[in-house]
Amino acid sequence: MAQDLRLDQTQRLALSPQQIRFVKLLELNAPELEEAVNKELEENVALEEKETSSPELPTYHSATYYAGRGNDGDIPAFAPADTDESLYDNLNSQLSERDLPEKVLQGAKYIIGNLDSNGYLDRPLRNIADDLAFNEGIDLTEKEAQKALEAVRSLDPPGIGAFNLRDSLRMQLEAMAPSQTRENALRIINDAYEAFTMKHKHRLVSSLHLSMESIDEALDLIRSLNPRPGAALGSSRSDEASIIIPDFIVSNEDGEIKVSLNSRIPELRIDSSFEQAVANMERSAKGRVKRTGESEYVMRSYNDARDFISVLSQRQKTMMDVMTAIVKIQKEYFLTQDIYTLRPMMIKNVAELTGLDFSVISRATNGKYVATPWGIFPLRFFFSDSVGDNSEGTEALTNRKIEEEIRALVEEEDKSHPLSDQQIMEEMGRRGKEISRRTVAKYRDRLGIPVARLRKDM
């Protein structure tokens with residue numbers, strides 16, 4: 001074996017602790033930042049709020065919202081967060097009125113806790129029983145577990161506790177008063193579900209030996225059912241109605257766009273006693289007086305407070321620079337509220353205006369929201385690529401415009417012969433917008449529009 005000594009030269013980029021702190025603060029949204037500042041105030045005795053009498057924020061600025069989609073489908077709609085009784089609480093309230101054996105009752109409560117926001121149980125009953133035995137020490141027999149499931153399925157609205165959509169539709173039909181139409185609908189769900197999902201009405205007629213009129217009546221009944229029975233009772237999952245506090249406020253004041261941070265962050269300063277103590281230590285250092293453990297603590301707290309104030313100020317300035325650049329690029333939209341005026345905009349365009357690194361802009365926009373007089377939008381809403389060839393000086397198309405045109409085509413189509421992706425591509429080409437079929441499929445999926453065969457009226 002031979003040994004040798006080699007010298008290799010490599011380059012590495014290492015972030016300083018202050019840079020790491022800045023990046024972490026930049027990633028936080030408005031409520032998370034407020035929490036981080038309050039935590040720093042609690043942990044660092046050298047940091048304190050300036051005593052200023054700041055006016056109370058208007059209701060519009062401080063209100064909380066949850067995101068949804070407007071009826072017109074163009075822009076998100078927002079409303080106060082729902083305070084209705086949750087699915088979990090409602091079902092448990094109903095369950096408490098039932099006379100059930102204790103073990104069956106505990107099993108039913110555990111099943112309710114495992115329902116998704118639609119009211120479905122997407123886990124095998126055996127796994128639920130195993131979890132209950134392991135976590136709660138309650139050993140259910142197979143018969144007791146089945147009785148617990150039946151108890152949950154007997155709750156209102158019908159369809160709660162189903163394993164899937166087909167099971168839920170069947171349960172809702174079985175809960176109705178007997179009729180010939182109900183029996184025909186059950187036959188469709190039980191015996192010809194695949195033809196039903198594929199919207200092959202003629203296959204239903206031939207396989208079930210029913211008249212077209214009977215099939216139409218049964219299908220109308222099935223369409224009246226609720227595919228998400230749990231949604232009628234609110235959500236048991238907190239992520240179904242995400243609470244949004246906007247990070248920015250943009251207003252139009254007589255044609256002049258104003259941008260401000262929607263911040264409840266207090267103005268910070270270093271405690272005067274720490275400033276005095278550090279000044280004394282610096283004078284003592286000139287006389288070469290040895291530092292004690294207490295003086296080390298004072299200096300460390302002072303430096304942490306000073307760095308936090310500096311990093312927080314840098315974070316707020318960076319956020320304002322990014323939002324101001326977005327407003328400058330999309331000025332026409334903020335003046336008109338017209339989605340078709342949105343310009344193609346990418347992170348590099350914001351970087352050109354701000355001089356900031358791509359990663360900084362990405363962190364500054366991810367998970368952040370802006371409040372406007374007509375709604376609250378994620379900052380990523382304003383970013384879009386250009387579509388098509390713009391070399392001849394023609395107007396650049398954003399993917400937002402392409403999406404809206406695809407949406408309009410689908411809304412206007414003949415539902416008995418819906419447009420395929422290929423036909424949509426060809427129609428867009430006739431309108432002077434050359435896009436590929438794959439692009440059509442991607443935007444259609446992003447809009448939540450199903451494929452042509454599933455849009456067909458039966």
# chains A, B, ... in the order shown; residues from 1 in each chain; ligands from 1
$ select_by_dssp --residues "region 64-274 of chain A" --states "strand (DSSP E)" --output "PyMOL selection string"
chain A and resi 65-67+78-79+243-244+248-253+256-261+268-270
$ select_by_dssp --residues "region 276-391 of chain A" --states "helix (DSSP H, G or I)" --output "number ranges by chain"
A: 276-286, 293-329, 331-336, 339-341, 347-354, 358-365, 379-382
$ residues_around --residues "region 18-27 of chain A" --least-positions-apart "5" --cutoff "8 Å" --atoms "only C-alpha atoms" --output "ChimeraX atom specification"
/A:33,307,311-312,314-315,319,360,363-364,366
$ atom_distance --atom1 "CA of Leu447 (chain A)" --atom2 "CA of Thr197 (chain A)"
20.6 Å
$ atom_distance --atom1 "CA of Val298 (chain A)" --atom2 "CA of Glu43 (chain A)"
13.3 Å
$ residues_around --residues "region 268-277 of chain A" --least-positions-apart "6" --cutoff "7 Å" --atoms "only C-alpha atoms" --output "list of chain:residue names"
A:Ala46, A:Leu47, A:Glu48, A:Glu49, A:Lys50, A:Val298, A:Tyr302, A:Ala305, A:Arg306, A:Ile309
$ write_last_selection --atoms "N, CA and C atoms" --output "short mmCIF file (atom, residue, chain, number, x, y, z; two decimals), in the first residue's frame"
data_model
loop_
_atom_site.label_atom_id
_atom_site.label_comp_id
_atom_site.auth_asym_id
_atom_site.auth_seq_id
_atom_site.Cartn_x
_atom_site.Cartn_y
_atom_site.Cartn_z
N ALA A 46 -33.20 41.12 25.79
CA ALA A 46 -32.61 42.36 25.29
C ALA A 46 -33.49 43.03 24.24
N LEU A 47 -34.52 42.34 23.79
CA LEU A 47 -35.39 42.84 22.73
C LEU A 47 -36.70 43.32 23.34
N GLU A 48 -37.19 44.46 22.87
CA GLU A 48 -38.46 44.98 23.38
C GLU A 48 -39.18 45.77 22.31
N GLU A 49 -40.48 45.99 22.52
CA GLU A 49 -41.27 46.81 21.60
C GLU A 49 -41.08 48.28 21.92
N LYS A 50 -41.08 49.09 20.86
CA LYS A 50 -41.09 50.53 21.06
C LYS A 50 -42.47 50.94 21.52
N VAL A 298 -24.98 38.92 28.47
CA VAL A 298 -25.47 40.23 28.04
C VAL A 298 -25.07 40.51 26.61
N TYR A 302 -27.55 40.85 23.41
CA TYR A 302 -27.52 42.12 22.67
C TYR A 302 -27.29 41.87 21.18
N ALA A 305 -30.38 40.28 19.51
CA ALA A 305 -31.44 41.26 19.32
C ALA A 305 -31.13 42.19 18.16
N ARG A 306 -29.90 42.65 18.10
CA ARG A 306 -29.48 43.55 17.01
C ARG A 306 -29.60 42.85 15.66
N ILE A 309 -33.36 42.37 14.61
CA ILE A 309 -33.96 43.61 14.12
C ILE A 309 -33.49 43.90 12.70
#
$ atom_distance --atom1 "CA of Asp445 (chain A)" --atom2 "CA of Ser384 (chain A)"
16.4 Å
$ residues_around --residues "region 180-193 of chain A" --least-positions-apart "3" --cutoff "8 Å" --atoms "only C-alpha atoms" --output "list in words"
Arg166, Leu169, Arg170, Leu173, Glu174, Met176, Phe196, Thr197, Leu204, Ser207, Leu208, Ser214, Ile215, Glu217, Ala218, Leu219, Leu221 and Ile222 of chain A
$ write_last_selection --atoms "N, CA and C atoms" --output "short mmCIF file (atom, residue, chain, number, x, y, z; two decimals), in the first residue's frame"
data_model
loop_
_atom_site.label_atom_id
_atom_site.label_comp_id
_atom_site.auth_asym_id
_atom_site.auth_seq_id
_atom_site.Cartn_x
_atom_site.Cartn_y
_atom_site.Cartn_z
N ARG A 166 -69.66 4.76 -5.05
CA ARG A 166 -70.69 3.79 -5.41
C ARG A 166 -71.44 3.32 -4.17
N LEU A 169 -73.77 6.18 -2.96
CA LEU A 169 -74.98 6.31 -3.78
C LEU A 169 -75.98 5.21 -3.46
N ARG A 170 -75.46 4.00 -3.28
CA ARG A 170 -76.33 2.87 -2.95
C ARG A 170 -77.02 3.10 -1.61
N LEU A 173 -79.81 5.69 -1.88
CA LEU A 173 -80.99 5.16 -2.56
C LEU A 173 -81.78 4.22 -1.64
N GLU A 174 -81.05 3.39 -0.89
CA GLU A 174 -81.71 2.45 0.00
C GLU A 174 -82.45 3.16 1.13
N MET A 176 -84.22 5.81 0.72
CA MET A 176 -85.42 6.44 0.17
C MET A 176 -86.63 5.51 0.25
N PHE A 196 -72.61 3.31 -16.28
CA PHE A 196 -73.09 4.58 -15.73
C PHE A 196 -71.96 5.60 -15.68
N THR A 197 -70.78 5.21 -15.16
CA THR A 197 -69.67 6.16 -15.05
C THR A 197 -69.14 6.57 -16.42
N LEU A 204 -76.84 0.87 -20.85
CA LEU A 204 -77.74 0.70 -19.71
C LEU A 204 -79.08 0.14 -20.17
N SER A 207 -78.45 -3.65 -21.32
CA SER A 207 -78.05 -4.61 -20.28
C SER A 207 -79.10 -4.78 -19.20
N LEU A 208 -79.86 -3.72 -18.90
CA LEU A 208 -80.87 -3.80 -17.85
C LEU A 208 -82.27 -4.07 -18.38
N SER A 214 -87.39 5.05 -18.63
CA SER A 214 -87.10 4.56 -17.27
C SER A 214 -85.65 4.86 -16.88
N ILE A 215 -84.75 4.69 -17.84
CA ILE A 215 -83.34 4.99 -17.58
C ILE A 215 -83.16 6.47 -17.27
N GLU A 217 -85.31 8.57 -16.00
CA GLU A 217 -85.88 8.87 -14.68
C GLU A 217 -84.92 8.40 -13.58
N ALA A 218 -84.35 7.20 -13.76
CA ALA A 218 -83.42 6.67 -12.76
C ALA A 218 -82.16 7.52 -12.68
N LEU A 219 -81.66 7.96 -13.84
CA LEU A 219 -80.46 8.79 -13.86
C LEU A 219 -80.72 10.14 -13.21
N LEU A 221 -82.72 10.66 -10.78
CA LEU A 221 -82.74 10.40 -9.35
C LEU A 221 -81.30 10.28 -8.81
N ILE A 222 -80.45 9.57 -9.54
CA ILE A 222 -79.06 9.41 -9.10
C ILE A 222 -78.35 10.77 -9.06
#
$ closest_residue --among "A:Phe134, A:Phe381, A:Gly230, A:Val104" --to "Asp89 (chain A)" --atoms "only C-alpha atoms"
A:Gly230
$ closest_residue --among "A:Ser154, A:Phe334, A:Phe382, A:Leu41" --to "Gly255 (chain A)" --atoms "only C-alpha atoms"
A:Phe334
$ residues_around --residues "region 155-162 of chain A" --least-positions-apart "5" --cutoff "9 Å" --atoms "only C-alpha atoms" --output "list in words"
Leu91, Gln94, Leu95, Ile111, Ile112, Leu115, Asn118, Gly119, Tyr120, Leu121, Asp122, Leu149, Glu150, Asp167, Ser168, Leu169, Arg170, Met171, Gln172, Leu173, Glu174, Ala175, Asn226, Pro227, Arg228, Pro229, Gly230, Ala232 and Leu233 of chain A
$ write_last_selection --atoms "C-alpha atoms" --output "mmCIF file, in the first residue's frame"
data_model
loop_
_atom_site.group_PDB
_atom_site.id
_atom_site.type_symbol
_atom_site.label_atom_id
_atom_site.label_comp_id
_atom_site.auth_asym_id
_atom_site.auth_seq_id
_atom_site.Cartn_x
_atom_site.Cartn_y
_atom_site.Cartn_z
ATOM 1 C CA LEU A 91 -71.992 12.849 13.984
ATOM 2 C CA GLN A 94 -76.142 12.058 16.861
ATOM 3 C CA LEU A 95 -74.283 9.012 18.120
ATOM 4 C CA ILE A 111 -64.725 5.209 12.903
ATOM 5 C CA ILE A 112 -66.138 8.765 12.837
ATOM 6 C CA LEU A 115 -63.891 9.631 8.077
ATOM 7 C CA ASN A 118 -66.630 13.847 2.316
ATOM 8 C CA GLY A 119 -67.895 11.431 4.962
ATOM 9 C CA TYR A 120 -66.151 8.391 3.434
ATOM 10 C CA LEU A 121 -64.273 5.696 5.325
ATOM 11 C CA ASP A 122 -61.267 5.010 3.131
ATOM 12 C CA LEU A 149 -69.890 0.639 11.279
ATOM 13 C CA GLU A 150 -73.626 0.045 10.899
ATOM 14 C CA ASP A 167 -71.303 2.597 -1.862
ATOM 15 C CA SER A 168 -72.553 6.081 -0.854
ATOM 16 C CA LEU A 169 -74.983 6.313 -3.779
ATOM 17 C CA ARG A 170 -76.332 2.867 -2.955
ATOM 18 C CA MET A 171 -76.819 3.806 0.716
ATOM 19 C CA GLN A 172 -78.661 7.014 -0.202
ATOM 20 C CA LEU A 173 -80.992 5.157 -2.563
ATOM 21 C CA GLU A 174 -81.707 2.448 0.004
ATOM 22 C CA ALA A 175 -82.686 5.157 2.522
ATOM 23 C CA ASN A 226 -75.062 14.011 -2.830
ATOM 24 C CA PRO A 227 -71.652 12.638 -3.877
ATOM 25 C CA ARG A 228 -70.122 14.265 -0.785
ATOM 26 C CA PRO A 229 -72.560 13.650 2.089
ATOM 27 C CA GLY A 230 -70.047 14.808 4.697
ATOM 28 C CA ALA A 232 -73.297 19.059 4.096
ATOM 29 C CA LEU A 233 -72.222 19.004 7.755
#
$ closest_residue --among "A:Ser310, A:Thr439, A:Lys258, A:Thr372" --to "Gln337 (chain A)" --atoms "only C-alpha atoms"
A:Thr372
